[in-house]
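Enquirer: Next comes the structure file work-v1.cif, holding mmCIF, C-alpha atoms.
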```cif
data_protein
loop_
_atom_site.label_atom_id
_atom_site.label_comp_id
_atom_site.auth_asym_id
_atom_site.auth_seq_id
_atom_site.Cartn_x
_atom_site.Cartn_y
_atom_site.Cartn_z
CA MET E 349 25.22 -17.74 8.87
CA ARG E 350 27.85 -15.26 7.76
CA LEU E 351 25.65 -12.35 6.70
CA THR E 352 23.28 -12.62 9.64
CA ALA E 353 26.18 -12.91 12.08
CA LEU E 354 27.75 -9.83 10.51
CA LEU E 355 24.54 -7.86 10.75
CA SER E 356 23.94 -8.83 14.37
CA MET E 357 27.50 -7.88 15.24
CA ALA E 358 27.02 -4.48 13.64
CA ALA E 359 23.82 -3.93 15.60
CA ARG E 360 25.36 -4.80 18.97
CA VAL E 361 28.42 -2.58 19.36
CA VAL E 362 31.27 -4.37 21.15
CA ILE E 363 34.02 -2.11 22.55
CA PRO E 364 37.21 -3.85 23.76
CA LYS E 365 38.03 -3.26 27.40
CA ASP E 366 41.26 -1.35 26.72
CA TYR E 367 39.77 0.86 23.97
CA ARG E 368 41.33 4.31 24.10
CA PHE E 369 38.73 6.96 23.31
CA GLY E 370 39.96 10.00 21.40
CA THR E 371 38.33 13.11 20.01
CA ASN E 372 37.36 11.39 16.76
CA ARG E 373 34.20 9.35 16.38
CA PRO E 374 34.93 5.58 16.57
CA TRP E 375 33.99 4.81 12.95
CA THR E 376 36.36 7.35 11.38
CA PRO E 377 39.73 6.25 9.91
CA ALA E 378 41.57 8.45 12.44
CA ALA E 379 40.00 6.60 15.37
CA LYS E 380 40.74 3.26 13.70
CA ARG E 381 44.37 4.32 13.35
CA LEU E 382 44.45 5.16 17.04
CA ASN E 383 43.02 1.76 17.98
CA PRO E 384 44.36 -0.94 15.66
CA PRO E 385 43.06 -4.39 16.61
CA GLY E 386 46.18 -5.72 18.29
CA LYS E 387 47.35 -2.67 20.20
CA LYS E 388 48.13 -2.57 23.89
CA ARG E 389 48.55 0.85 25.46
CA ARG E 390 48.74 2.04 28.99
CA LYS E 391 45.31 2.27 30.56
CA VAL E 392 43.78 5.74 30.87
CA PHE E 393 42.31 6.33 34.31
CA VAL E 394 39.06 8.27 34.29
CA GLU E 395 37.43 9.58 37.43
CA PRO E 396 34.00 7.94 37.58
CA ILE E 397 31.26 10.58 37.62
CA ALA E 398 27.68 9.36 37.95
CA PRO E 399 25.39 10.40 35.08
CA GLU E 400 23.12 12.36 37.43
CA ASP E 401 26.07 14.38 38.81
CA TRP E 402 27.26 15.64 35.42
CA SER E 403 26.61 19.40 35.44
CA VAL E 404 28.20 20.76 32.23
CA LEU E 405 25.89 20.49 29.22
CA ARG E 406 26.47 21.25 25.56
CA GLY E 407 25.91 24.93 24.86
CA ASP E 408 26.85 26.08 28.39
CA THR E 409 29.29 28.95 28.93
CA VAL E 410 32.14 27.83 31.19
CA GLU E 411 35.40 29.33 32.45
CA ILE E 412 38.75 27.57 32.18
CA LEU E 413 40.61 27.34 35.50
CA LYS E 414 43.94 25.81 34.42
CA GLY E 415 46.02 25.76 31.30
CA LYS E 416 47.00 28.12 28.52
CA ASP E 417 43.66 29.95 28.30
CA LYS E 418 43.16 30.29 32.03
CA GLY E 419 40.39 32.69 32.97
CA LYS E 420 38.70 32.75 29.59
CA HIS E 421 35.02 32.06 29.00
CA GLY E 422 33.97 29.65 26.26
CA LYS E 423 30.93 27.83 24.95
CA VAL E 424 30.90 24.05 25.21
CA ILE E 425 30.67 22.41 21.80
CA GLN E 426 31.20 18.75 22.60
CA VAL E 427 31.19 16.62 25.70
CA PHE E 428 33.08 13.31 25.96
CA ARG E 429 31.60 11.42 28.88
CA HIS E 430 33.90 8.41 28.63
CA ARG E 431 36.99 10.54 29.34
CA ASN E 432 35.42 13.44 31.25
CA TRP E 433 36.43 15.84 28.48
CA VAL E 434 34.86 19.07 27.32
CA MET E 435 35.58 20.81 24.01
CA LEU E 436 35.26 24.58 24.01
CA GLU E 437 34.85 26.77 20.98
CA GLY E 438 38.15 28.31 19.91
CA LEU E 439 39.90 27.85 23.27
CA ASN E 440 42.83 25.66 24.30
CA THR E 441 43.97 25.54 20.68
CA HIS E 442 47.09 24.29 19.02
CA TYR E 443 47.84 24.98 15.39
CA ARG E 444 48.26 22.47 12.60
CA TYR E 445 48.23 22.15 8.84
CA ILE E 446 45.25 20.43 7.22
CA GLY E 447 44.76 19.19 3.64
CA LYS E 448 48.42 18.71 2.73
CA THR E 449 48.79 17.45 -0.87
CA GLY E 450 52.05 17.05 -2.75
CA ASP E 451 54.08 20.22 -2.32
CA TYR E 452 51.25 22.35 -0.91
CA ARG E 453 51.79 22.57 2.83
CA GLY E 454 48.02 22.85 3.55
CA THR E 455 45.85 25.34 5.45
CA TYR E 456 47.08 26.51 8.84
CA ILE E 457 44.16 26.16 11.23
CA ALA E 458 43.64 26.29 14.96
CA SER E 459 42.29 23.04 16.36
CA GLU E 460 40.90 22.79 19.90
CA ALA E 461 42.16 20.28 22.42
CA PRO E 462 39.78 18.73 24.96
CA ILE E 463 39.87 19.95 28.58
CA LEU E 464 39.15 17.82 31.60
CA LEU E 465 35.88 18.56 33.37
CA HIS E 466 37.84 19.19 36.56
CA ASP E 467 39.63 22.17 34.93
CA VAL E 468 36.47 24.05 33.94
CA ALA E 469 33.73 25.57 36.05
CA LEU E 470 30.26 26.80 35.23
CA ILE E 471 29.75 30.55 35.27
CA ASP E 472 27.19 32.13 37.57
CA PRO E 473 25.04 34.40 35.38
CA SER E 474 24.59 37.02 38.12
CA ASP E 475 28.24 37.91 38.74
CA ARG E 476 29.94 36.05 35.87
CA LYS E 477 32.43 34.25 38.07
CA PRO E 478 33.16 30.51 38.18
CA THR E 479 31.17 28.54 40.79
CA ASP E 480 30.56 25.04 41.99
CA VAL E 481 27.21 23.68 41.00
CA GLU E 482 24.85 21.22 42.59
CA TRP E 483 21.67 19.58 41.30
CA LYS E 484 18.64 20.49 43.36
CA PHE E 485 14.88 20.34 43.00
CA THR E 486 12.66 23.42 42.75
CA GLU E 487 9.29 23.74 44.40
CA GLU E 488 7.60 22.65 41.18
CA GLY E 489 9.67 19.45 41.21
CA GLU E 490 12.01 20.45 38.39
CA ARG E 491 15.65 19.36 38.68
CA VAL E 492 17.91 22.38 38.20
CA ARG E 493 21.53 23.37 38.73
CA VAL E 494 22.06 25.73 41.65
CA SER E 495 25.33 27.59 42.19
CA LEU E 496 26.66 26.99 45.69
CA ARG E 497 28.11 30.46 46.22
CA THR E 498 25.17 32.68 45.31
CA GLY E 499 22.31 30.18 45.17
CA ARG E 500 21.19 31.31 41.72
CA ILE E 501 19.64 28.78 39.37
CA ILE E 502 21.70 28.22 36.22
CA PRO E 503 19.25 27.60 33.37
CA LYS E 504 19.74 24.83 30.83
CA PRO E 505 21.42 26.10 27.67
CA ILE E 506 19.35 26.38 24.50
CA VAL E 507 20.87 23.96 22.03
CA GLU E 508 20.40 24.87 18.37
CA ARG E 509 19.14 22.11 16.13
CA ARG E 510 21.58 20.58 13.71
CA ASP E 511 19.45 21.57 10.72
CA GLY E 512 19.42 25.21 11.84
CA ILE E 513 15.64 25.39 12.28
CA VAL E 514 14.48 27.70 15.07
CA PRO E 515 11.03 26.35 15.99
CA GLN E 516 9.62 29.72 17.07
CA GLN E 517 10.54 31.39 13.78
CA TRP E 518 9.29 28.59 11.56
CA LYS E 519 6.97 29.62 8.71
CA ASP E 520 4.41 26.93 7.91
CA GLY E 521 4.47 25.52 4.41
CA LEU E 522 1.56 24.24 2.31
CA LYS E 523 1.60 20.80 3.90
CA ASP E 524 2.10 21.89 7.53
CA THR E 525 -0.77 21.78 10.02
CA SER E 526 -0.87 24.88 12.20
CA PRO E 527 -0.34 24.41 15.98
CA GLU E 528 -3.96 25.33 16.76
CA ASP E 529 -5.34 22.69 14.41
CA THR E 530 -2.92 20.08 15.76
CA LEU E 531 -3.84 20.61 19.39
CA GLU E 532 -7.58 20.88 18.78
CA LYS E 533 -9.39 18.09 20.59
CA THR E 534 -12.03 16.77 18.25
CA TYR E 535 -12.43 13.28 19.71
CA VAL E 536 -16.00 12.43 20.64
CA PRO E 537 -16.03 9.24 22.71
CA SER E 538 -18.60 6.69 21.61
CA LEU E 539 -19.21 2.99 21.95
CA LYS E 540 -18.99 2.33 18.19
CA THR E 541 -15.80 1.08 16.54
CA LEU E 542 -14.14 3.29 13.93
CA GLU E 543 -15.39 1.04 11.13
CA GLU E 544 -19.00 1.22 12.32
CA GLU E 545 -18.84 5.00 12.59
CA VAL E 546 -17.41 5.34 9.08
CA MET E 547 -20.11 3.04 7.67
CA GLU E 548 -22.79 5.08 9.35
CA LYS E 549 -21.36 8.38 8.11
CA LEU E 550 -21.00 7.24 4.52
CA GLY E 551 -24.36 5.49 4.54
CA ILE E 552 -23.00 2.04 3.66
CA GLN E 553 -25.41 -0.75 4.44
CA GLU E 554 -24.00 -4.25 4.84
CA LYS E 555 -26.59 -6.95 5.39
CA ARG E 556 -24.32 -9.91 4.56
CA ARG E 557 -22.40 -11.62 7.30
CA PRO E 558 -19.19 -13.62 6.80
CA GLN E 559 -19.61 -17.38 6.64
CA ARG E 560 -18.52 -19.35 9.65
CA SER E 561 -15.03 -20.67 9.17
CA TYR E 562 -12.73 -22.61 11.42
CA TRP E 563 -9.00 -22.71 11.63
CA TYR E 564 -6.80 -24.91 13.73
CA MET P 1433 42.92 -11.69 11.99
CA GLY P 1434 40.04 -9.91 13.64
CA VAL P 1435 36.57 -11.40 13.65
CA LEU P 1436 35.12 -8.67 11.45
CA SER P 1437 37.82 -8.98 8.79
CA THR P 1438 37.50 -12.78 8.77
CA LEU P 1439 33.78 -12.47 8.24
CA MET P 1440 34.28 -9.96 5.44
CA ARG P 1441 36.78 -12.28 3.77
CA GLY P 1442 34.38 -15.21 4.03
CA LEU P 1443 31.61 -13.09 2.56
CA VAL P 1444 33.76 -12.03 -0.37
CA ARG P 1445 34.94 -15.57 -1.10
CA GLY P 1446 31.80 -17.67 -0.55
CA ALA P 1447 28.03 -17.40 -0.88
CA ASP P 1448 25.66 -16.85 1.99
CA ARG P 1449 23.71 -20.09 2.10
CA MET P 1450 21.41 -18.96 4.85
CA ALA P 1451 19.97 -15.97 2.99
CA GLU P 1452 16.27 -15.98 2.17
CA PHE P 1453 15.58 -17.22 -1.40
CA THR P 1454 13.14 -14.55 -2.56
CA SER P 1455 11.59 -13.89 -5.94
CA LYS P 1456 14.45 -11.46 -6.67
CA ARG P 1457 16.92 -14.35 -6.89
CA GLY P 1458 16.74 -17.31 -9.25
CA SER P 1459 16.21 -17.37 -13.02
CA ARG P 1460 13.63 -15.28 -14.87
CA THR P 1461 11.37 -18.32 -15.27
CA HIS P 1462 11.38 -18.81 -11.51
CA ASN P 1463 8.02 -17.48 -10.36
CA LYS P 1464 7.64 -16.98 -6.63
CA GLY P 1465 5.20 -14.72 -4.83
CA ARG P 1466 5.79 -12.57 -1.78
CA GLY P 1467 2.84 -13.69 0.31
CA ALA P 1468 -0.02 -11.70 -1.18
CA ARG P 1469 -3.43 -13.20 -0.40
CA PRO P 1470 -5.45 -14.51 -3.38
CA THR P 1471 -8.34 -12.36 -4.61
CA GLY P 1472 -10.44 -15.08 -6.19
CA LEU P 1473 -10.84 -18.79 -6.86
CA ARG P 1474 -8.75 -21.13 -8.92
CA LEU P 1475 -11.22 -23.14 -11.04
CA SER P 1476 -10.79 -26.75 -12.16
CA SER P 1477 -10.37 -25.52 -15.76
CA ARG P 1478 -7.15 -23.80 -14.50
CA LYS P 1479 -8.72 -20.40 -14.95
CA PHE P 1480 -8.86 -17.80 -12.28
CA LEU P 1481 -12.19 -16.36 -11.19
CA SER P 1482 -11.70 -12.94 -9.65
CA ILE P 1483 -14.16 -12.13 -6.87
CA ARG P 1484 -14.74 -8.39 -6.47
CA THR P 1485 -15.47 -8.62 -2.77
CA MET P 1486 -12.10 -10.22 -2.04
CA ILE P 1487 -10.19 -7.29 -3.50
CA PRO P 1488 -9.66 -4.64 -0.79
CA GLU P 1489 -11.13 -1.25 -1.52
CA PHE P 1490 -10.19 1.98 0.22
CA VAL P 1491 -13.17 3.88 1.58
CA VAL P 1492 -12.13 7.52 1.65
CA PRO P 1493 -14.59 10.06 3.06
CA ASN P 1494 -15.05 13.55 1.64
CA LEU P 1495 -12.11 15.66 2.85
CA GLU P 1496 -13.75 19.04 2.24
CA GLY P 1497 -13.16 21.33 5.20
CA PHE P 1498 -10.60 18.97 6.72
CA LYS P 1499 -7.99 21.03 8.55
CA LEU P 1500 -5.29 18.45 9.27
CA LYS P 1501 -2.40 18.18 6.80
CA PRO P 1502 0.38 15.60 6.30
CA TYR P 1503 3.02 17.38 8.40
CA VAL P 1504 2.95 19.18 11.73
CA SER P 1505 4.47 22.63 12.19
CA TYR P 1506 7.68 22.95 14.23
CA ARG P 1507 6.07 25.67 16.35
CA SER P 1508 3.51 23.36 17.94
CA PRO P 1509 4.25 22.39 21.56
CA ARG P 1510 3.90 18.87 22.87
CA GLY P 1511 0.25 18.39 23.72
CA THR P 1512 -1.08 15.84 26.19
CA GLU P 1513 -3.90 13.40 25.73
CA PRO P 1514 -5.30 11.36 28.61
CA PRO P 1515 -4.89 7.62 27.96
CA LEU P 1516 -7.94 6.06 26.32
CA THR P 1517 -9.04 3.09 28.40
CA ALA P 1518 -12.29 1.14 28.58
CA GLN P 1519 -12.92 2.77 31.93
CA SER P 1520 -12.58 6.30 30.53
CA VAL P 1521 -14.92 5.50 27.61
CA PHE P 1522 -17.47 4.06 30.06
CA ALA P 1523 -17.17 7.09 32.33
CA GLU P 1524 -17.71 9.53 29.46
CA VAL P 1525 -20.41 7.74 27.49
CA VAL P 1526 -22.40 5.32 29.63
CA ALA P 1527 -22.09 6.59 33.20
CA PRO P 1528 -24.01 9.88 32.67
CA ARG P 1529 -26.92 7.99 31.05
CA ILE P 1530 -27.11 5.46 33.88
CA LYS P 1531 -26.90 8.24 36.44
CA LYS P 1532 -29.74 10.19 34.79
CA ASP P 1533 -31.94 7.13 34.59
CA PHE P 1534 -31.20 6.19 38.17
CA GLU P 1535 -32.18 9.64 39.37
CA GLU P 1536 -35.42 9.49 37.36
CA GLY P 1537 -36.06 6.03 38.77
CA THR P 1538 -36.24 4.20 35.42
CA PHE P 1539 -33.01 2.23 35.89
CA SER P 1540 -33.35 -1.54 35.91
CA LYS P 1541 -30.64 -4.18 35.74
CA ASP P 1542 -32.45 -6.21 33.04
CA GLN P 1543 -32.50 -3.33 30.53
CA LEU P 1544 -28.76 -2.79 30.21
CA GLU P 1545 -28.94 -3.12 26.38
CA LYS P 1546 -30.07 0.48 25.99
CA TYR P 1547 -26.80 1.69 27.49
CA GLY P 1548 -24.80 -0.32 24.98
CA PHE P 1549 -24.35 -3.64 26.79
CA GLU P 1550 -23.96 -6.57 24.40
CA PRO P 1551 -24.33 -9.98 26.07
CA ASN P 1552 -22.85 -11.77 23.00
CA GLN P 1553 -21.29 -10.76 19.70
CA ASP P 1554 -23.66 -12.76 17.40
CA GLY P 1555 -25.14 -10.96 14.44
CA LYS P 1556 -22.59 -8.13 14.52
CA LEU P 1557 -20.51 -7.35 11.45
CA PHE P 1558 -17.49 -6.13 13.43
CA LYS P 1559 -17.13 -8.43 16.41
CA LEU P 1560 -15.00 -7.29 19.31
CA TYR P 1561 -14.09 -10.82 20.36
CA PRO P 1562 -12.90 -12.75 18.43
CA LYS P 1563 -11.78 -9.66 16.51
CA ASN P 1564 -12.73 -10.20 12.88
CA TYR P 1565 -11.57 -6.94 11.35
CA VAL P 1566 -8.11 -5.67 10.54
CA ARG P 1567 -7.25 -2.23 11.86
#
```
Any chance you could give the structure as structure tokens?
Expert:
Amino acid sequence: MRLTALLSMAARVVIPKDYRFGTNRPWTPAAKRLNPPGKKRRKVFVEPIAPEDWSVLRGDTVEILKGKDKGKHGKVIQVFRHRNWVMLEGLNTHYRYIGKTGDYRGTYIASEAPILLHDVALIDPSDRKPTDVEWKFTEEGERVRVSLRTGRIIPKPIVERRDGIVPQQWKDGLKDTSPEDTLEKTYVPSLKTLEEEVMEKLGIQEKRRPQRSYWY
Amino acid sequence: MGVLSTLMRGLVRGADRMAEFTSKRGSRTHNKGRGARPTGLRLSSRKFLSIRTMIPEFVVPNLEGFKLKPYVSYRSPRGTEPPLTAQSVFAEVVAPRIKKDFEEGTFSKDQLEKYGFEPNQDGKLFKLYPKNYVR
């Protein structure tokens, strides 16, 4: 039962109750170093925010309200829901050396630190100032974010695909069906099954019938 | 020791007795199939008689002028298709015929066969119930 038990354990991810989430993904060696199996650290208290109340999405431009880079606008790169963190591009940085080998001290790079959701605010596109945002429904029934100060709808940010493909600028290759051919409705409803229709079209005549057989 | 590391250690040290014994394991004289259905008869003289009709054959129509290709372009939006139910097929195919006949006055309940009604599935090659074809 060892291999099957191992596989089922890998499929169902079990997180210990006092797991401390960091900025690294849980399967990386850095995250495993942060959470060795027998560790006991002080519990991190996270303000519970319901999934439907979360207003900052990846790709949004937000303004930082507290901290070193107070007042600056940045684009959200990553969102950590389990600790209410937001990572902005190039803001709230500290500097460190990376790739140290032997005597070489490594490359000096700026690495971003996560900011609490409470310390950032969405920017109103009309006057470019930070606002509080609420989720409301439009007349069409679409759920949108509305800024409380001006009442302007903040549109959802366009997230680029990981493979860098922009769907609108895609050039079809030899094996790609064009959008018009894909959306063409060519279905003609009929009472025949697919097999009967194919037989009729190809002119196959089948007079034999399968012998009666029984199974129990 | 954690559960995962104990399992890994057990895996490294011992064999997994519960794994499926497939044709990939065992000696080279060990002949085991993978569940393919036979395509003929095994005769009493230990020969194998292959029956042509038991071997599946792909019926491919002529694809000249066929516009669909293996992949779909990224530019295409998500289209919608109304769900295909028995009721929708009836409403599109049979209902107009019945309505036309009713208005002409030639509709009768005993002649439902001309609209496609099948009281039983005898004599059909592809029976709907019990389904005797593989889709």
Enquirer: Rounded to one decimal place, report the CA of Ser561 (chain E)-CA of Tyr1565 (chain P) distance in Å.
Expert: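 Distance between the two atoms: 14.3 Å.
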Enquirer: When the PyMOL selection byres ((chain P) within 9 of (chain E)) is applied to the file above, which residues end up in the set, as an MDAnalysis selection string?
Expert: chainID P and resid 1433:1434 1436 1439:1440 1442:1443 1447:1451 1491 1493 1499:1513 1521:1522 1524:1526 1548 1555:1558 1560 1565 1567
Enquirer: Can you list, as JSON, numbers by chain, the residues that the PyMOL selection byres ((chain E and resi 459) around 6) selects here?
Expert: {"E": [441, 442, 443, 458, 460]}
Enquirer: Taking all atoms listed in the file into account, which of E:Arg390, E:Asp451, E:Gly422, E:Pro503 comes nearest Arg491 (chain E)?
Expert: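 Using all atoms listed in the file, the shortest distance to Arg491 (chain E) belongs to E:Pro503.
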Enquirer: Would you kindly return, as a PDB file with C-alpha atoms, in the frame of the given file, each protein, DNA or RNA residue with an atom no farther than 8 Å from any atom of Tyr445 (chain E), considering only C-alpha atoms and excluding same-chain residues fewer than 2 positions away?
Expert:
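Listed below is the output, part31.pdb:
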```pdb
ATOM      1  CA  TYR E 443      47.840  24.980  15.390  1.00  0.00           C
ATOM      2  CA  GLY E 447      44.760  19.190   3.640  1.00  0.00           C
ATOM      3  CA  LYS E 448      48.420  18.710   2.730  1.00  0.00           C
ATOM      4  CA  ARG E 453      51.790  22.570   2.830  1.00  0.00           C
ATOM      5  CA  GLY E 454      48.020  22.850   3.550  1.00  0.00           C
ATOM      6  CA  THR E 455      45.850  25.340   5.450  1.00  0.00           C
ATOM      7  CA  TYR E 456      47.080  26.510   8.840  1.00  0.00           C
ATOM      8  CA  ILE E 457      44.160  26.160  11.230  1.00  0.00           C
TER       9      ILE E 457
END
```
Enquirer: Select, from E:Arg497, E:Lys380, E:Arg406, E:His466, the residue with the minimum atom-to-atom distance to Val481 (chain E), counting all atoms listed in the file.
Expert: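 Of all the options, E:Arg497 lies closest to Val481 (chain E).
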Enquirer: Between CA of Glu548 (chain E) and CA of Phe1498 (chain P), what is the spacing in Å?
Expert: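 Separation between CA of Phe1498 (chain P) and CA of Glu548 (chain E): 18.7 Å.
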Enquirer: Go through P:Ile1487, P:Pro1562, P:Glu1545, P:Asp1533 and flag the residue nearest Arg1469 (chain P), using only C-alpha atoms for the distances.
Expert: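 Closest to Arg1469 (chain P) of all the choices is P:Ile1487.
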Enquirer: Applying 7 Å and all atoms listed in the file, which residues near region 467-470 of chain E remain after dropping the ones on its own chain fewer than 6 positions away? List them as a ChimeraX atom specification.
Expert: /E:409-414,478-480
Enquirer: Name the residues captured by the PyMOL selection byres ((chain E and resi 408) around 12) when it is applied to the shown file; answer as a PyMOL selection string.
Expert: chain E and resi 403-407+409-411+421-427+434-437+468-473+493+502-508
